[in-house]
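Engineer: Sharing data-v4.txt below, compact mmCIF, C-alpha atoms and all ligand atoms:
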# COMPACT_ATOMS: atom_id res chain seq x y z
CA MET F 1 -84.65 -6.97 33.22
CA GLU F 2 -86.78 -4.73 30.99
CA LYS F 3 -89.94 -3.15 32.32
CA ILE F 4 -91.82 -3.76 29.11
CA ALA F 5 -93.80 -6.76 27.91
CA ILE F 6 -96.16 -7.71 25.10
CA ALA F 7 -98.38 -10.66 24.21
CA LEU F 8 -100.66 -11.27 21.26
CA HIS F 9 -102.96 -13.84 19.69
CA GLY F 10 -104.10 -14.69 16.19
CA GLY F 11 -107.17 -16.69 17.21
CA ALA F 12 -107.96 -19.82 19.16
CA GLY F 13 -109.79 -22.93 18.12
CA THR F 14 -109.63 -26.41 16.75
CA ILE F 15 -106.20 -26.36 15.25
CA ALA F 16 -105.46 -29.96 14.31
CA PRO F 17 -101.74 -30.58 13.79
CA HIS F 18 -102.35 -32.95 10.88
CA LEU F 19 -104.24 -30.27 8.92
CA LEU F 20 -101.70 -27.55 9.35
CA THR F 21 -99.02 -28.17 6.74
CA PRO F 22 -95.45 -27.37 7.75
CA ALA F 23 -95.39 -24.48 5.27
CA LEU F 24 -98.61 -23.01 6.62
CA GLU F 25 -97.49 -23.46 10.19
CA LYS F 26 -94.28 -21.64 9.37
CA ALA F 27 -96.24 -18.80 7.77
CA TYR F 28 -98.50 -18.44 10.84
CA LEU F 29 -95.54 -18.44 13.21
CA ALA F 30 -93.72 -15.89 11.06
CA GLY F 31 -96.83 -13.68 10.99
CA LEU F 32 -97.15 -13.80 14.76
CA GLU F 33 -93.47 -13.08 15.26
CA ALA F 34 -93.50 -10.14 12.84
CA ALA F 35 -96.40 -8.56 14.74
CA LEU F 36 -94.74 -9.27 18.08
CA ASP F 37 -91.49 -7.65 16.96
CA ALA F 38 -93.32 -4.64 15.53
CA GLY F 39 -95.19 -4.05 18.79
CA TYR F 40 -92.10 -4.65 20.91
CA GLN F 41 -90.07 -2.17 18.85
CA VAL F 42 -92.61 0.53 19.74
CA LEU F 43 -92.18 -0.27 23.45
CA LYS F 44 -88.39 -0.35 23.14
CA GLN F 45 -88.41 3.11 21.61
CA ASN F 46 -90.35 4.34 24.63
CA GLY F 47 -93.67 4.34 22.76
CA SER F 48 -96.91 3.89 24.68
CA ALA F 49 -98.64 0.58 25.30
CA THR F 50 -101.52 1.96 23.22
CA GLU F 51 -99.23 2.56 20.22
CA ALA F 52 -97.65 -0.86 20.70
CA VAL F 53 -100.90 -2.85 20.68
CA ALA F 54 -102.15 -0.82 17.71
CA MET F 55 -98.93 -1.58 15.81
CA ALA F 56 -99.07 -5.31 16.61
CA VAL F 57 -102.72 -5.55 15.59
CA VAL F 58 -102.20 -3.55 12.37
CA THR F 59 -99.44 -5.99 11.41
CA LEU F 60 -101.81 -8.92 11.94
CA GLU F 61 -104.68 -7.15 10.14
CA ASP F 62 -102.44 -6.70 7.10
CA ASN F 63 -101.65 -10.43 7.05
CA PRO F 64 -104.28 -12.35 5.02
CA LEU F 65 -103.79 -15.47 7.17
CA PHE F 66 -105.69 -13.95 10.08
CA ASN F 67 -109.40 -13.17 10.31
CA ALA F 68 -109.10 -9.41 10.70
CA GLY F 69 -108.53 -6.56 8.25
CA LYS F 70 -107.34 -8.00 4.92
CA GLY F 71 -108.16 -11.59 5.87
CA ALA F 72 -111.61 -10.85 7.33
CA VAL F 73 -114.21 -13.55 6.65
CA PHE F 74 -117.21 -13.11 4.33
CA ASN F 75 -120.64 -12.33 5.77
CA HIS F 76 -124.02 -13.62 4.55
CA ILE F 77 -124.13 -11.32 1.54
CA GLY F 78 -120.50 -11.72 0.53
CA GLY F 79 -119.29 -8.56 2.23
CA HIS F 80 -117.04 -7.91 5.20
CA GLU F 81 -118.19 -6.41 8.47
CA MET F 82 -115.35 -5.95 10.89
CA ASP F 83 -115.17 -5.25 14.62
CA ALA F 84 -112.31 -3.81 16.64
CA ALA F 85 -111.60 -2.20 19.99
CA ILE F 86 -108.75 -0.61 21.88
CA MET F 87 -108.47 0.42 25.52
CA GLN F 88 -105.76 2.03 27.62
CA GLY F 89 -105.32 1.31 31.30
CA ILE F 90 -103.99 4.70 32.39
CA ASP F 91 -107.32 6.54 32.08
CA LEU F 92 -109.77 3.81 31.00
CA LYS F 93 -110.20 5.51 27.63
CA ALA F 94 -111.56 3.18 24.97
CA GLY F 95 -112.66 3.17 21.35
CA ALA F 96 -114.54 0.55 19.35
CA ALA F 97 -115.97 0.09 15.89
CA CYS F 98 -118.41 -2.64 14.94
CA GLY F 99 -119.89 -3.95 11.72
CA VAL F 100 -117.70 -1.68 9.61
CA PRO F 101 -117.02 -2.40 5.94
CA SER F 102 -114.06 -1.21 3.85
CA ILE F 103 -111.70 -0.16 6.67
CA LYS F 104 -108.13 -1.32 5.99
CA ASN F 105 -107.19 -1.36 9.67
CA PRO F 106 -110.23 -1.39 11.95
CA VAL F 107 -108.02 -1.06 15.03
CA LEU F 108 -106.90 2.36 13.79
CA LEU F 109 -110.53 3.40 13.46
CA ALA F 110 -111.15 2.23 17.04
CA LYS F 111 -108.10 4.25 18.12
CA ALA F 112 -109.34 7.35 16.29
CA ILE F 113 -112.74 6.96 17.96
CA MET F 114 -110.97 6.82 21.33
CA GLU F 115 -108.69 9.77 20.63
CA LYS F 116 -110.74 12.05 18.41
CA SER F 117 -114.39 11.64 19.37
CA GLU F 118 -116.59 12.01 22.42
CA HIS F 119 -117.80 8.46 21.97
CA VAL F 120 -116.63 4.95 22.74
CA MET F 121 -118.39 2.87 20.08
CA MET F 122 -119.53 3.53 16.52
CA ALA F 123 -121.27 1.16 14.11
CA SER F 124 -121.42 0.42 10.38
CA GLN F 125 -122.09 3.34 8.01
CA GLY F 126 -121.75 5.98 10.72
CA ALA F 127 -118.39 4.60 11.75
CA LEU F 128 -117.35 4.55 8.08
CA GLU F 129 -118.29 8.20 7.73
CA PHE F 130 -116.24 9.06 10.84
CA ALA F 131 -113.33 7.10 9.36
CA LYS F 132 -113.48 9.08 6.11
CA GLN F 133 -113.57 12.38 7.99
CA ASN F 134 -110.56 11.38 10.03
CA GLY F 135 -108.32 10.13 7.25
CA ILE F 136 -108.55 6.43 8.11
CA ALA F 137 -107.52 4.27 5.13
CA ILE F 138 -110.40 2.80 3.11
CA GLU F 139 -110.06 -0.12 0.69
CA ASP F 140 -112.36 -1.50 -2.00
CA ASP F 141 -113.87 -4.99 -1.92
CA ALA F 142 -111.04 -6.49 -3.95
CA TYR F 143 -108.58 -5.76 -1.14
CA PHE F 144 -110.49 -8.01 1.24
CA TYR F 145 -110.84 -10.89 -1.21
CA THR F 146 -108.83 -13.95 -0.26
CA GLU F 147 -109.41 -17.28 -1.96
CA GLN F 148 -109.45 -19.24 1.30
CA ARG F 149 -112.10 -17.03 2.94
CA TYR F 150 -114.18 -17.05 -0.25
CA GLN F 151 -114.18 -20.85 -0.29
CA GLN F 152 -115.14 -20.97 3.40
CA TRP F 153 -118.11 -18.78 2.59
CA GLN F 154 -119.05 -20.77 -0.54
CA ASP F 155 -119.27 -23.87 1.62
CA ILE F 156 -122.06 -22.51 3.80
CA LYS F 157 -123.44 -19.67 1.70
CA GLY F 158 -127.18 -19.96 1.15
CA SER F 159 -127.62 -21.86 4.38
CA ASP F 160 -128.72 -20.37 7.64
CA SER F 161 -125.64 -21.54 9.39
CA PHE F 162 -122.74 -19.32 10.27
CA GLN F 163 -119.46 -20.32 11.63
CA LEU F 164 -116.61 -19.24 13.73
CA ASP F 165 -113.38 -18.97 11.88
CA HIS F 166 -112.00 -21.64 14.17
CA THR F 167 -114.66 -24.28 13.92
CA GLU F 168 -114.14 -27.39 11.91
CA GLN F 169 -115.87 -27.69 8.59
CA LYS F 170 -115.48 -30.42 5.98
CA GLY F 171 -112.40 -31.63 7.75
CA GLU F 172 -110.75 -28.25 7.60
CA LYS F 173 -109.92 -26.23 10.63
CA LYS F 174 -110.18 -22.49 10.70
CA PHE F 175 -109.02 -19.83 13.04
CA GLY F 176 -109.03 -16.10 13.35
CA THR F 177 -109.30 -12.87 15.25
CA VAL F 178 -106.27 -11.01 16.45
CA GLY F 179 -105.41 -9.10 19.59
CA ALA F 180 -102.58 -7.75 21.71
CA VAL F 181 -101.79 -6.52 25.21
CA ALA F 182 -98.77 -4.46 26.23
CA LEU F 183 -97.01 -2.84 29.19
CA ASP F 184 -94.83 0.20 28.47
CA TYR F 185 -91.89 1.82 30.30
CA HIS F 186 -94.31 4.15 32.08
CA GLY F 187 -96.17 1.25 33.64
CA ASN F 188 -99.21 1.71 31.42
CA LEU F 189 -101.23 -1.18 30.05
CA ALA F 190 -103.29 -1.36 26.84
CA ALA F 191 -105.31 -3.96 24.95
CA ALA F 192 -106.63 -4.19 21.39
CA THR F 193 -108.66 -6.76 19.46
CA SER F 194 -109.77 -6.95 15.82
CA THR F 195 -111.89 -9.47 13.92
CA GLY F 196 -113.95 -10.23 10.84
CA GLY F 197 -116.31 -12.18 13.11
CA MET F 198 -118.09 -15.28 11.83
CA THR F 199 -118.27 -16.56 8.26
CA ASN F 200 -121.78 -16.12 6.77
CA LYS F 201 -122.94 -14.01 9.73
CA LYS F 202 -126.10 -11.96 9.24
CA TYR F 203 -128.47 -9.56 10.99
CA GLY F 204 -125.51 -7.32 11.86
CA ARG F 205 -124.20 -9.92 14.28
CA ILE F 206 -121.49 -8.54 16.59
CA GLY F 207 -119.29 -10.69 18.82
CA ASP F 208 -117.29 -9.95 21.95
CA SER F 209 -114.20 -8.45 20.30
CA PRO F 210 -115.33 -4.79 20.09
CA VAL F 211 -117.30 -4.86 23.34
CA ILE F 212 -115.34 -3.21 26.14
CA GLY F 213 -115.27 -5.58 29.10
CA ALA F 214 -116.17 -8.66 27.05
CA GLY F 215 -113.44 -9.19 24.44
CA THR F 216 -111.21 -6.25 25.29
CA TYR F 217 -110.31 -4.47 28.53
CA ALA F 218 -107.40 -2.62 30.16
CA ASN F 219 -106.96 -1.05 33.58
CA ASN F 220 -103.58 -0.10 35.05
CA ALA F 221 -104.80 -1.21 38.48
CA THR F 222 -105.31 -4.78 37.30
CA CYS F 223 -104.61 -6.06 33.79
CA ALA F 224 -105.03 -5.82 30.04
CA ILE F 225 -106.95 -8.56 28.20
CA SER F 226 -107.73 -9.47 24.58
CA CYS F 227 -109.97 -12.46 23.92
CA THR F 228 -110.64 -14.85 21.05
CA GLY F 229 -113.25 -17.55 20.83
CA HIS F 230 -116.99 -18.08 20.55
CA GLY F 231 -118.10 -14.46 20.89
CA GLU F 232 -121.62 -15.10 22.15
CA LEU F 233 -120.34 -17.05 25.15
CA PHE F 234 -117.58 -14.52 25.81
CA LEU F 235 -120.18 -11.74 25.75
CA ARG F 236 -122.42 -13.57 28.20
CA SER F 237 -119.44 -14.18 30.49
CA VAL F 238 -118.12 -10.58 30.25
CA VAL F 239 -114.77 -12.33 30.18
CA ALA F 240 -112.20 -9.52 30.16
CA TYR F 241 -113.85 -7.44 32.87
CA ASP F 242 -114.54 -10.50 34.97
CA ILE F 243 -110.81 -11.24 35.13
CA SER F 244 -110.07 -7.63 36.08
CA CYS F 245 -112.79 -7.74 38.76
CA LEU F 246 -111.51 -10.99 40.24
CA MET F 247 -108.14 -9.30 40.64
CA ALA F 248 -109.57 -6.05 42.01
CA TYR F 249 -112.26 -7.34 44.33
CA LYS F 250 -110.95 -10.76 45.28
CA ASN F 251 -107.27 -9.98 45.19
CA MET F 252 -106.63 -12.89 42.85
CA THR F 253 -103.42 -13.14 40.85
CA LEU F 254 -103.67 -12.77 37.09
CA LYS F 255 -103.11 -16.50 36.69
CA ALA F 256 -105.76 -17.52 39.21
CA ALA F 257 -108.32 -15.15 37.68
CA CYS F 258 -107.57 -16.29 34.11
CA ASP F 259 -107.70 -19.96 35.08
CA LEU F 260 -111.06 -19.59 36.82
CA VAL F 261 -112.64 -17.78 33.88
CA VAL F 262 -111.14 -19.77 30.98
CA TYR F 263 -111.02 -23.29 32.43
CA ASP F 264 -114.07 -23.19 34.69
CA LYS F 265 -116.63 -20.46 34.08
CA LEU F 266 -116.41 -20.49 30.28
CA VAL F 267 -116.22 -24.27 30.05
CA LYS F 268 -119.40 -24.60 32.13
CA ILE F 269 -121.41 -22.71 29.51
CA GLY F 270 -119.60 -24.20 26.51
CA GLY F 271 -117.47 -21.17 25.73
CA GLU F 272 -114.54 -22.29 23.63
CA GLY F 273 -111.54 -20.02 23.18
CA GLY F 274 -108.79 -18.22 24.99
CA LEU F 275 -107.15 -14.89 25.68
CA VAL F 276 -103.91 -13.06 26.23
CA ALA F 277 -103.53 -11.21 29.51
CA LEU F 278 -100.87 -9.00 31.07
CA ASP F 279 -100.92 -7.44 34.51
CA HIS F 280 -99.37 -4.21 35.80
CA LEU F 281 -96.40 -6.18 37.18
CA GLY F 282 -95.65 -7.61 33.76
CA ASN F 283 -96.96 -11.14 34.33
CA ILE F 284 -98.31 -12.72 31.15
CA GLU F 285 -100.98 -15.42 30.87
CA MET F 286 -102.20 -16.96 27.62
CA PRO F 287 -104.81 -19.57 28.63
CA PHE F 288 -107.10 -21.33 26.13
CA ASN F 289 -109.57 -24.18 26.49
CA SER F 290 -109.54 -25.01 22.77
CA GLU F 291 -107.12 -27.27 20.99
CA GLY F 292 -104.78 -24.48 20.14
CA MET F 293 -104.29 -20.75 20.07
CA TYR F 294 -101.96 -18.78 17.84
CA ARG F 295 -100.02 -16.79 20.38
CA ALA F 296 -96.76 -15.03 21.10
CA LYS F 297 -95.15 -13.04 23.88
CA ILE F 298 -92.02 -11.25 24.99
CA SER F 299 -91.87 -11.23 28.78
CA LEU F 300 -90.10 -8.86 31.16
CA ASP F 301 -86.92 -10.92 30.85
CA GLY F 302 -86.92 -10.28 27.09
CA VAL F 303 -87.53 -13.94 26.26
CA LYS F 304 -89.63 -14.51 23.16
CA GLU F 305 -92.14 -17.33 22.71
CA VAL F 306 -94.28 -18.05 19.63
CA LYS F 307 -96.65 -21.03 19.82
CA ILE F 308 -99.76 -22.66 18.44
CA TYR F 309 -100.41 -25.80 20.48
CA LYS F 310 -100.37 -26.46 24.21
N1 LIG Q 401 -114.58 -13.74 19.23
C1 LIG Q 401 -114.76 -13.47 17.83
C2 LIG Q 401 -116.22 -13.26 17.55
O1 LIG Q 401 -117.04 -13.98 18.11
C3 LIG Q 401 -114.30 -14.56 16.96
C4 LIG Q 401 -112.92 -15.06 17.18
O2 LIG Q 401 -112.35 -14.85 18.23
O3 LIG Q 401 -112.40 -15.69 16.27
O4 LIG Q 401 -116.54 -12.43 16.72
Translate this file's structure into structure tokens.

Structural biologist:
Amino acid sequence: MEKIAIALHGGAGTIAPHLLTPALEKAYLAGLEAALDAGYQVLKQNGSATEAVAMAVVTLEDNPLFNAGKGAVFNHIGGHEMDAAIMQGIDLKAGAACGVPSIKNPVLLAKAIMEKSEHVMMASQGALEFAKQNGIAIEDDAYFYTEQRYQQWQDIKGSDSFQLDHTEQKGEKKFGTVGAVALDYHGNLAAATSTGGMTNKKYGRIGDSPVIGAGTYANNATCAISCTGHGELFLRSVVAYDISCLMAYKNMTLKAACDLVVYDKLVKIGGEGGLVALDHLGNIEMPFNSEGMYRAKISLDGVKEVKIYK
């Protein structure tokens, strides 16, 4: 029995089996597995949970299939504004970047903010400036262009509507956002989340992903959580911290806390989505109240699971 574990997601939402071609499904599963293996390798080599979640998320950010990094959705003016956060359970250190353009791997910017600044959260141009000063890779607009995302934006561009990467539009189903949680050999937990947010978003809209306690949270005393879903509802429910609090204050198990938040509290206010969660004992939960969630895990027993549907 290993003492390490990792779980990750590539977004939750309306993932209709009949719209996901076998080839596409294979590509999603391969993308999830590659990220899982990359993160697990870090843990195996005695790397920290922080390094492992960063590695898993970077791998997903580099994959154009997911709404983060290279595959980030288009905003109202045809640009990309990305959000990411990372947190480590050993000392509650956290870093987050929101509304940042041009960053190849927003999770690495969040990590640099955590490790190299006095701050927790930086936004847009200021965050970009910090990134440049700290050698974080920058890419031009062409890097973030993907035909699929461009078409998604064309479909609602000019309208006032915006949409989650996972919501159904014109019979197509879309999904996005990535995140990971890990437990290392030293018993430390970490969580990271990265997203392009909502297609056609404006006014500098920010979701739950980069907000510590909402979309991302880690505490060695309880658990590590990374969320995906309708950000506004996840923000209002302070989802990640709520699960940690239910464990800390009510002595709930990870499963009981996750079930209460995802299948009851969120559902009551219409919050669609899910999360990956890992506690200090190595228990993994991956609940979602949507049709599907791209997800993968390697548990304490070393068994690997990569799934999309229930
Ligand atoms: N939660 C993300 C947001 O609202 C979206 C997602 O998970 O796909 O920005």

Engineer: Once you count all atoms listed in the file, what closest atom pair and distance in Å to one decimal does each residue of chain F within 8 Å of ligand LIG 401 (chain Q) have, with rows by chain and rising residue number, as CSV?

Structural biologist:
residue,atom,partner,partner_atom,distance
F:Gly11,CA,Q:LIG401,O3,5.4
F:Ala12,CA,Q:LIG401,O2,6.7
F:Gly13,CA,Q:LIG401,O3,7.9
F:Asn67,CA,Q:LIG401,O3,7.1
F:Asp83,CA,Q:LIG401,O4,7.6
F:Leu164,CA,Q:LIG401,O3,6.1
F:Asp165,CA,Q:LIG401,O3,5.6
F:His166,CA,Q:LIG401,O3,6.3
F:Phe175,CA,Q:LIG401,O3,6.2
F:Gly176,CA,Q:LIG401,O3,4.5
F:Thr177,CA,Q:LIG401,O3,4.3
F:Val178,CA,Q:LIG401,O2,7.4
F:Thr195,CA,Q:LIG401,O4,6.2
F:Gly196,CA,Q:LIG401,O4,6.8
F:Gly197,CA,Q:LIG401,O4,3.6
F:Met198,CA,Q:LIG401,O4,5.9
F:Ile206,CA,Q:LIG401,O4,6.3
F:Gly207,CA,Q:LIG401,O4,3.9
F:Asp208,CA,Q:LIG401,N1,5.4
F:Ser209,CA,Q:LIG401,N1,5.4
F:Gly215,CA,Q:LIG401,N1,7.0
F:Cys227,CA,Q:LIG401,O2,6.6
F:Thr228,CA,Q:LIG401,O2,3.3
F:Gly229,CA,Q:LIG401,O2,3.9
F:His230,CA,Q:LIG401,O1,4.8
F:Gly231,CA,Q:LIG401,O1,3.0
F:Glu232,CA,Q:LIG401,O1,6.2
F:Phe234,CA,Q:LIG401,N1,7.3
F:Gly273,CA,Q:LIG401,O2,7.2

Engineer: What gap, in Å, lies between CA of Gly271 (chain F) and CA of Val238 (chain F)?

Structural biologist: 11.5 Å

Engineer: Near region 140-151 of chain F, within 8 Å and counting all atoms listed in the file, which residues show up once chain neighbours fewer than 5 positions away are dropped, as JSON, numbers by chain?

Structural biologist: {"F": [64, 69, 70, 71, 72, 73, 74, 79, 80, 102]}

Engineer: Counting only C-alpha atoms, figure out which residue out of F:Ala190, F:Ala5, F:Leu32, F:Ala180 gets nearest to Asn283 (chain F).

Structural biologist: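 Using only C-alpha atoms, the shortest distance to Asn283 (chain F) belongs to F:Ala5.
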
Engineer: Point out the residue among F:Leu246, F:Leu65, F:Ile298, F:Met55 with the least atom-to-atom distance to Leu29 (chain F), counting all atoms listed in the file.

Structural biologist: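 Nearest candidate to Leu29 (chain F) out of F:Leu246, F:Leu65, F:Ile298, F:Met55: F:Leu65.
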
Engineer: How far is it from CA of Lys310 (chain F) to CA of Glu291 (chain F), in Å with one decimal?

Structural biologist: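 One can read the CA of Lys310 (chain F) to CA of Glu291 (chain F) distance as 7.5 Å.
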
Engineer: Smallest atom-to-atom distance to Gln41 (chain F): which of F:Pro106, F:Gly99, F:Gly274, F:Gly302, using all atoms listed in the file?

Structural biologist: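 The closest residue to Gln41 (chain F) is F:Gly302.
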
Engineer: Nearest to Ala182 (chain F) among F:Lys116, F:Lys132, F:Lys26, F:His280, with distances taken over all atoms listed in the file: which residue is it?

Structural biologist: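 Using all atoms listed in the file, the shortest distance to Ala182 (chain F) belongs to F:His280.
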
Engineer: Quick one: everything within 6 Å of Ala257 (chain F), counting only C-alpha atoms, minus sequence neighbours fewer than 3 positions away in the same chain. Send it as a list of chain:residue names.

Structural biologist: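 Neighbouring residues, sequence-local ones excluded: F:Ile243, F:Leu246, F:Met252, F:Leu254, F:Leu260.
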
Engineer: Pick out the residues sitting within 8 Å of Ala191 (chain F), and hand them over as a list in words; count all atoms listed in the file, and ignore anything fewer than 6 positions along from it in its own chain.

Structural biologist: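 Residues near the query, excluding close chain neighbours: Thr50, Val53, Ile86, Met87, Gln88, Gly179, Ala180, Val181, Ala182, Thr216, Tyr217, Ala218, Ala224, Ile225 and Ser226 of chain F.
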
Engineer: Tell me which of F:Leu60, F:Ala34, F:Ala131, F:Leu109 sits closest to His9 (chain F), counting all atoms listed in the file.

Structural biologist: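 Selected residue with least distance to His9 (chain F): F:Leu60.
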
Engineer: In Å, how far is it from CA of Leu128 (chain F) to CA of Lys201 (chain F)?

Structural biologist: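 Computing it gives 19.5 Å between the two atoms.
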
Engineer: Select, from F:Ala221, F:Ala214, F:Ile269, F:Cys98, the residue with the minimum atom-to-atom distance to Met247 (chain F), counting all atoms listed in the file.

Structural biologist: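 Distance minimum relative to Met247 (chain F) lands on F:Ala221.
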
Engineer: Can you tell me, as a PyMOL selection string, which residues sit within 9 Å of (-117.2, 5.9, 17.0) in the file's frame, using all atoms listed in the file?

Structural biologist: chain F and resi 95-98+109-110+112-114+117-123+126-127+130-131
